[in-house]
Amino acid sequence: MSVDMRTFLAHVELANPVMTAAGCAGSGRELAQFFDLHRLGALVTPSITMAPRAGRPTPRMTETPSGLLNAVGLQGPGIDAFLERELPWLAQRGIKTVVSIGGGTVAEYSALARRLADAPGVSALEVNLSCPNIEDRGRVFARDGNAAAEVIASVRSIMRYDVPVIAKLAPDVADIVAVARACVESGADALSMINNPLGMAIDTEALRPALAAVTGGLSGPAILPLAVRCVWQVHAALPGTPIVGVGGVLSGRDAFQLVLAGACAVGVGTALFHDPYACLRIERELEELLQARGFQRLADAVGLAHRPPGSTTRHLHEESSL
């Protein structure tokens, strides 16, 4: 018997829990060369900014053990080009689309939300809070609960009620639960975690930092334990809040860890760089793991690792005997 893989981000139903991660699959055209995008739970766009951005100077990517460092700098064409070319392409095909936005001020986030509020084809809005607040000495929004809450409150007040607002959080904070709580209390309908933690590598041949920007975001398998920890802590504190688990997912087993920790959906990012079919494979592997353990629905596994020892077996036995 197949497993019911449906899940919900607030009131938006997804056919399955596997999504792309922002910035790792373009705006869909690239992946559409390989498979039907309807097979994704949702496609998450790169973080869209108000003005076009060329990104940071090269080199801006370098491999590390079990990971990848990047300092791309939100390269993109800006909101005008996105609304003219990319979003209509997705909307015409009926693809579940989570639009990610990034800004340097609260006003910029608000302006982006205003441009997207009536745009067709927006299934949900992801607010990338890992951007430097240029009005506050470059302090990252995600590292300050009050700053993050201000952005979320502003965006939520502008977006249509039927478009969930997802706050994307960073792990480089003293208390991620406090930041998550501040976002939810300010109107976030769901949370996405984690964005890339900050890292650095030095080229021992050139005797210089490997990235032109010196530091960059670390992604890939190396950060999966960090993502699992953050999802676990936030789900324990806010069990009613939908969470998208992101960070280091290369297999269905990785995705299963995040689901058991409390994620109702998972984002796949770095894996797509070497395997464009990664989302489909991971969704299949996750379903096989759930089926092998007697689950009839994905929803029954969400946060299950928080149950007391021994309760899992009884739960599955009771479900299978119905």
# chains A, B, ... in the order shown; residues from 1 in each chain; ligands from 1
call {"tool": "residues_around", "arguments": {"residues": "Ala237 in chain A", "least_positions_apart": "4", "cutoff": "10 Å", "atoms": "only C-alpha atoms", "output": "MDAnalysis selection string"}}
result
chainID A and resid 177:178 180:181 231:233 241
call {"tool": "residues_around", "arguments": {"residues": "Asp275 in chain A", "least_positions_apart": "6", "cutoff": "12 Å", "atoms": "only C-alpha atoms", "output": "PDB file with N, CA, C and O atoms, in the first residue's frame"}}
result
ATOM      1  N   CYS A  24      18.918  27.246  -5.610  1.00  0.00           N
ATOM      2  CA  CYS A  24      19.605  26.040  -6.084  1.00  0.00           C
ATOM      3  C   CYS A  24      18.963  25.423  -7.323  1.00  0.00           C
ATOM      4  O   CYS A  24      19.482  24.446  -7.858  1.00  0.00           O
ATOM      5  N   ALA A  25      17.857  25.969  -7.772  1.00  0.00           N
ATOM      6  CA  ALA A  25      17.182  25.395  -8.940  1.00  0.00           C
ATOM      7  C   ALA A  25      16.696  26.474  -9.890  1.00  0.00           C
ATOM      8  O   ALA A  25      15.812  26.223 -10.708  1.00  0.00           O
ATOM      9  N   LEU A  31      15.411  22.930 -14.288  1.00  0.00           N
ATOM     10  CA  LEU A  31      14.977  21.587 -13.888  1.00  0.00           C
ATOM     11  C   LEU A  31      13.931  21.021 -14.843  1.00  0.00           C
ATOM     12  O   LEU A  31      13.825  19.803 -15.002  1.00  0.00           O
ATOM     13  N   PHE A  34      14.620  18.279 -17.267  1.00  0.00           N
ATOM     14  CA  PHE A  34      14.858  16.907 -16.818  1.00  0.00           C
ATOM     15  C   PHE A  34      13.589  16.162 -16.411  1.00  0.00           C
ATOM     16  O   PHE A  34      13.509  14.949 -16.570  1.00  0.00           O
ATOM     17  N   LEU A 250      20.602  14.826   1.204  1.00  0.00           N
ATOM     18  CA  LEU A 250      21.084  14.119   0.008  1.00  0.00           C
ATOM     19  C   LEU A 250      20.313  12.837  -0.268  1.00  0.00           C
ATOM     20  O   LEU A 250      20.420  12.263  -1.344  1.00  0.00           O
ATOM     21  N   SER A 251      19.541  12.371   0.716  1.00  0.00           N
ATOM     22  CA  SER A 251      18.864  11.081   0.577  1.00  0.00           C
ATOM     23  C   SER A 251      17.525  11.108   1.299  1.00  0.00           C
ATOM     24  O   SER A 251      17.239  12.019   2.084  1.00  0.00           O
ATOM     25  N   VAL A 268      15.574  20.668  -0.789  1.00  0.00           N
ATOM     26  CA  VAL A 268      16.774  20.044  -1.354  1.00  0.00           C
ATOM     27  C   VAL A 268      17.530  21.111  -2.145  1.00  0.00           C
ATOM     28  O   VAL A 268      16.952  21.743  -3.032  1.00  0.00           O
ATOM     29  N   GLY A 269      18.804  21.288  -1.824  1.00  0.00           N
ATOM     30  CA  GLY A 269      19.562  22.353  -2.456  1.00  0.00           C
ATOM     31  C   GLY A 269      20.825  21.885  -3.141  1.00  0.00           C
ATOM     32  O   GLY A 269      20.848  21.601  -4.336  1.00  0.00           O
ATOM     33  N   ARG A 281      14.261  11.451  -6.500  1.00  0.00           N
ATOM     34  CA  ARG A 281      14.866  10.295  -5.835  1.00  0.00           C
ATOM     35  C   ARG A 281      14.643  10.347  -4.336  1.00  0.00           C
ATOM     36  O   ARG A 281      14.279   9.344  -3.702  1.00  0.00           O
ATOM     37  N   ILE A 282      14.830  11.500  -3.737  1.00  0.00           N
ATOM     38  CA  ILE A 282      14.684  11.650  -2.285  1.00  0.00           C
ATOM     39  C   ILE A 282      13.236  11.419  -1.872  1.00  0.00           C
ATOM     40  O   ILE A 282      12.965  10.765  -0.854  1.00  0.00           O
TER      41      ILE A 282
END
call {"tool": "closest_residue", "arguments": {"among": "A:Gly267, A:Gly26, A:Gly187, A:Pro57", "to": "Ala212 in chain A", "atoms": "only C-alpha atoms"}}
result
A:Pro57
call {"tool": "select_by_dssp", "arguments": {"residues": "range 77-273 of chain A", "states": "strand (DSSP E)", "output": "ChimeraX atom specification"}}
result
/A:97-101,124-128,132-133,139-140,165-169,190-193,198-200,202-203,208-209,215-219,243-246,265-268
call {"tool": "atom_distance", "arguments": {"atom1": "CA of Ala147 in chain A", "atom2": "CA of Lys96 in chain A"}}
result
29.2 Å
call {"tool": "select_by_dssp", "arguments": {"residues": "range 58-201 of chain A", "states": "helix (DSSP H, G or I)", "output": "PyMOL selection string"}}
result
chain A and resi 79-92+106-116+141-143+145-158+176-185
call {"tool": "write_last_selection", "arguments": {"atoms": "N, CA and C atoms", "output": "short mmCIF file (atom, residue, chain, number, x, y, z; two decimals), in the first residue's frame"}}
result
data_model
loop_
_atom_site.label_atom_id
_atom_site.label_comp_id
_atom_site.auth_asym_id
_atom_site.auth_seq_id
_atom_site.Cartn_x
_atom_site.Cartn_y
_atom_site.Cartn_z
N ILE A 79 12.95 42.37 -9.19
CA ILE A 79 11.51 42.05 -9.15
C ILE A 79 10.81 42.32 -10.47
N ASP A 80 11.18 43.38 -11.19
CA ASP A 80 10.49 43.69 -12.44
C ASP A 80 10.65 42.56 -13.45
N ALA A 81 11.87 42.10 -13.65
CA ALA A 81 12.12 41.02 -14.61
C ALA A 81 11.48 39.72 -14.13
N PHE A 82 11.50 39.49 -12.81
CA PHE A 82 10.89 38.27 -12.28
C PHE A 82 9.39 38.25 -12.57
N LEU A 83 8.72 39.37 -12.36
CA LEU A 83 7.28 39.43 -12.59
C LEU A 83 6.94 39.40 -14.07
N GLU A 84 7.85 39.85 -14.89
CA GLU A 84 7.60 39.88 -16.33
C GLU A 84 7.87 38.54 -17.00
N ARG A 85 8.91 37.81 -16.53
CA ARG A 85 9.33 36.60 -17.24
C ARG A 85 9.18 35.30 -16.44
N GLU A 86 9.70 35.30 -15.23
CA GLU A 86 9.82 34.02 -14.50
C GLU A 86 8.51 33.57 -13.86
N LEU A 87 7.86 34.44 -13.10
CA LEU A 87 6.64 34.02 -12.41
C LEU A 87 5.53 33.65 -13.39
N PRO A 88 5.30 34.41 -14.48
CA PRO A 88 4.27 33.99 -15.44
C PRO A 88 4.54 32.61 -16.04
N TRP A 89 5.81 32.30 -16.30
CA TRP A 89 6.17 30.99 -16.85
C TRP A 89 5.72 29.87 -15.91
N LEU A 90 5.94 30.07 -14.61
CA LEU A 90 5.54 29.07 -13.61
C LEU A 90 4.02 29.04 -13.45
N ALA A 91 3.41 30.22 -13.40
CA ALA A 91 1.96 30.30 -13.20
C ALA A 91 1.20 29.66 -14.34
N GLN A 92 1.65 29.87 -15.56
CA GLN A 92 0.98 29.28 -16.73
C GLN A 92 0.99 27.77 -16.68
N VAL A 106 13.46 47.05 6.14
CA VAL A 106 12.08 46.63 6.29
C VAL A 106 11.24 47.18 5.14
N ALA A 107 11.51 48.41 4.76
CA ALA A 107 10.76 49.03 3.66
C ALA A 107 10.95 48.27 2.35
N GLU A 108 12.15 47.72 2.14
CA GLU A 108 12.41 46.96 0.91
C GLU A 108 11.63 45.65 0.91
N TYR A 109 11.61 44.96 2.04
CA TYR A 109 10.78 43.75 2.12
C TYR A 109 9.31 44.09 1.88
N SER A 110 8.85 45.19 2.45
CA SER A 110 7.46 45.60 2.28
C SER A 110 7.15 45.89 0.82
N ALA A 111 8.08 46.56 0.15
CA ALA A 111 7.88 46.89 -1.26
C ALA A 111 7.81 45.63 -2.11
N LEU A 112 8.65 44.65 -1.81
CA LEU A 112 8.61 43.38 -2.54
C LEU A 112 7.29 42.67 -2.31
N ALA A 113 6.84 42.64 -1.05
CA ALA A 113 5.56 42.01 -0.75
C ALA A 113 4.42 42.70 -1.48
N ARG A 114 4.48 44.01 -1.58
CA ARG A 114 3.43 44.77 -2.26
C ARG A 114 3.39 44.42 -3.75
N ARG A 115 4.56 44.23 -4.35
CA ARG A 115 4.60 43.88 -5.77
C ARG A 115 4.06 42.47 -6.02
N LEU A 116 4.21 41.60 -5.02
CA LEU A 116 3.81 40.21 -5.17
C LEU A 116 2.40 39.91 -4.66
N PHE A 141 19.20 40.33 9.79
CA PHE A 141 17.86 40.31 10.38
C PHE A 141 17.61 39.05 11.21
N ALA A 142 18.05 37.90 10.67
CA ALA A 142 17.75 36.62 11.32
C ALA A 142 18.44 36.46 12.67
N ARG A 143 19.43 37.30 12.97
CA ARG A 143 20.15 37.17 14.24
C ARG A 143 19.52 38.01 15.35
N GLY A 145 15.75 38.83 17.02
CA GLY A 145 14.33 38.51 17.03
C GLY A 145 13.44 39.71 16.74
N ASN A 146 13.79 40.86 17.29
CA ASN A 146 12.97 42.05 17.06
C ASN A 146 13.03 42.51 15.61
N ALA A 147 14.23 42.48 15.02
CA ALA A 147 14.37 42.88 13.62
C ALA A 147 13.63 41.91 12.70
N ALA A 148 13.78 40.61 12.96
CA ALA A 148 13.08 39.61 12.16
C ALA A 148 11.58 39.78 12.28
N ALA A 149 11.10 40.02 13.50
CA ALA A 149 9.67 40.18 13.73
C ALA A 149 9.12 41.40 13.00
N GLU A 150 9.90 42.46 12.95
CA GLU A 150 9.45 43.67 12.26
C GLU A 150 9.26 43.41 10.77
N VAL A 151 10.20 42.66 10.18
CA VAL A 151 10.08 42.33 8.76
C VAL A 151 8.84 41.47 8.52
N ILE A 152 8.67 40.43 9.33
CA ILE A 152 7.55 39.51 9.14
C ILE A 152 6.22 40.23 9.33
N ALA A 153 6.11 41.05 10.35
CA ALA A 153 4.86 41.78 10.59
C ALA A 153 4.51 42.67 9.41
N SER A 154 5.52 43.32 8.86
CA SER A 154 5.29 44.20 7.71
C SER A 154 4.83 43.42 6.49
N VAL A 155 5.52 42.32 6.19
CA VAL A 155 5.18 41.50 5.03
C VAL A 155 3.80 40.87 5.20
N ARG A 156 3.51 40.35 6.39
CA ARG A 156 2.22 39.70 6.64
C ARG A 156 1.05 40.67 6.49
N SER A 157 1.27 41.92 6.85
CA SER A 157 0.20 42.91 6.75
C SER A 157 -0.13 43.26 5.31
N ILE A 158 0.80 42.97 4.40
CA ILE A 158 0.62 43.33 2.99
C ILE A 158 0.13 42.15 2.16
N ILE A 176 17.77 30.13 18.57
CA ILE A 176 16.92 30.08 17.38
C ILE A 176 15.45 29.96 17.74
N VAL A 177 15.15 29.38 18.89
CA VAL A 177 13.76 29.26 19.32
C VAL A 177 13.18 30.65 19.58
N ALA A 178 13.95 31.52 20.19
CA ALA A 178 13.47 32.88 20.47
C ALA A 178 13.17 33.63 19.18
N VAL A 179 14.04 33.50 18.19
CA VAL A 179 13.82 34.17 16.91
C VAL A 179 12.60 33.57 16.21
N ALA A 180 12.48 32.24 16.24
CA ALA A 180 11.33 31.57 15.62
C ALA A 180 10.03 32.02 16.28
N ARG A 181 10.04 32.08 17.60
CA ARG A 181 8.82 32.50 18.31
C ARG A 181 8.44 33.93 17.96
N ALA A 182 9.44 34.80 17.86
CA ALA A 182 9.17 36.20 17.51
C ALA A 182 8.54 36.30 16.13
N CYS A 183 9.02 35.48 15.19
CA CYS A 183 8.47 35.49 13.83
C CYS A 183 7.03 34.99 13.82
N VAL A 184 6.77 33.91 14.53
CA VAL A 184 5.42 33.35 14.56
C VAL A 184 4.45 34.32 15.23
N GLU A 185 4.87 34.93 16.32
CA GLU A 185 4.01 35.89 17.01
C GLU A 185 3.75 37.13 16.16
#
call {"tool": "atom_distance", "arguments": {"atom1": "CA of Asp136 in chain A", "atom2": "CA of Thr105 in chain A"}}
result
9.0 Å
call {"tool": "closest_residue", "arguments": {"among": "A:Ala32, A:Ala174, A:Ala236, A:Ile243", "to": "Leu304 in chain A", "atoms": "only C-alpha atoms"}}
result
A:Ala236
call {"tool": "residues_around", "arguments": {"residues": "range 195-200 of chain A", "least_positions_apart": "4", "cutoff": "10 Å", "atoms": "only C-alpha atoms", "output": "VMD selection string"}}
result
chain A and resid 21 to 22 62 64 68 to 71 128 to 130 142 168 to 173 209 to 211 213 to 220 223 226 to 227 245 to 248
call {"tool": "closest_residue", "arguments": {"among": "A:Asp203, A:Val266, A:Met159, A:Ala15", "to": "Val44 in chain A", "atoms": "only C-alpha atoms"}}
result
A:Val266
call {"tool": "decode", "arguments": {"residues": "range 227-240 of chain A", "atoms": "N, CA, C and O atoms", "output": "short mmCIF file (atom, residue, chain, number, x, y, z; two decimals), in the first residue's frame"}}
result
data_model
loop_
_atom_site.label_atom_id
_atom_site.label_comp_id
_atom_site.auth_asym_id
_atom_site.auth_seq_id
_atom_site.Cartn_x
_atom_site.Cartn_y
_atom_site.Cartn_z
N ALA A 227 20.92 21.32 11.00
CA ALA A 227 19.53 21.52 10.61
C ALA A 227 18.59 20.67 11.46
O ALA A 227 17.54 21.15 11.91
N VAL A 228 18.95 19.42 11.69
CA VAL A 228 18.12 18.53 12.51
C VAL A 228 17.96 19.10 13.92
O VAL A 228 16.87 19.12 14.49
N ARG A 229 19.07 19.59 14.48
CA ARG A 229 19.01 20.16 15.83
C ARG A 229 18.07 21.37 15.89
O ARG A 229 17.25 21.50 16.80
N CYS A 230 18.18 22.26 14.90
CA CYS A 230 17.34 23.47 14.90
C CYS A 230 15.87 23.12 14.72
O CYS A 230 15.00 23.66 15.42
N VAL A 231 15.57 22.19 13.80
CA VAL A 231 14.18 21.77 13.60
C VAL A 231 13.63 21.14 14.87
O VAL A 231 12.50 21.41 15.29
N TRP A 232 14.43 20.29 15.50
CA TRP A 232 14.02 19.63 16.75
C TRP A 232 13.66 20.65 17.82
O TRP A 232 12.60 20.57 18.46
N GLN A 233 14.54 21.61 18.04
CA GLN A 233 14.33 22.59 19.11
C GLN A 233 13.09 23.44 18.85
O GLN A 233 12.29 23.69 19.76
N VAL A 234 12.93 23.89 17.60
CA VAL A 234 11.80 24.76 17.31
C VAL A 234 10.48 24.00 17.31
O VAL A 234 9.47 24.49 17.80
N HIS A 235 10.47 22.77 16.80
CA HIS A 235 9.25 21.98 16.84
C HIS A 235 8.84 21.69 18.29
O HIS A 235 7.64 21.70 18.61
N ALA A 236 9.81 21.42 19.14
CA ALA A 236 9.50 21.16 20.55
C ALA A 236 8.84 22.37 21.20
O ALA A 236 7.94 22.23 22.03
N ALA A 237 9.28 23.56 20.81
CA ALA A 237 8.74 24.79 21.41
C ALA A 237 7.47 25.26 20.73
O ALA A 237 6.59 25.85 21.38
N LEU A 238 7.35 25.01 19.42
CA LEU A 238 6.22 25.50 18.63
C LEU A 238 5.63 24.35 17.80
O LEU A 238 5.71 24.35 16.57
N PRO A 239 5.06 23.34 18.45
CA PRO A 239 4.64 22.13 17.74
C PRO A 239 3.54 22.35 16.71
O PRO A 239 3.37 21.54 15.80
N GLY A 240 2.81 23.45 16.79
CA GLY A 240 1.74 23.70 15.83
C GLY A 240 2.17 24.46 14.60
O GLY A 240 1.36 24.70 13.71
#
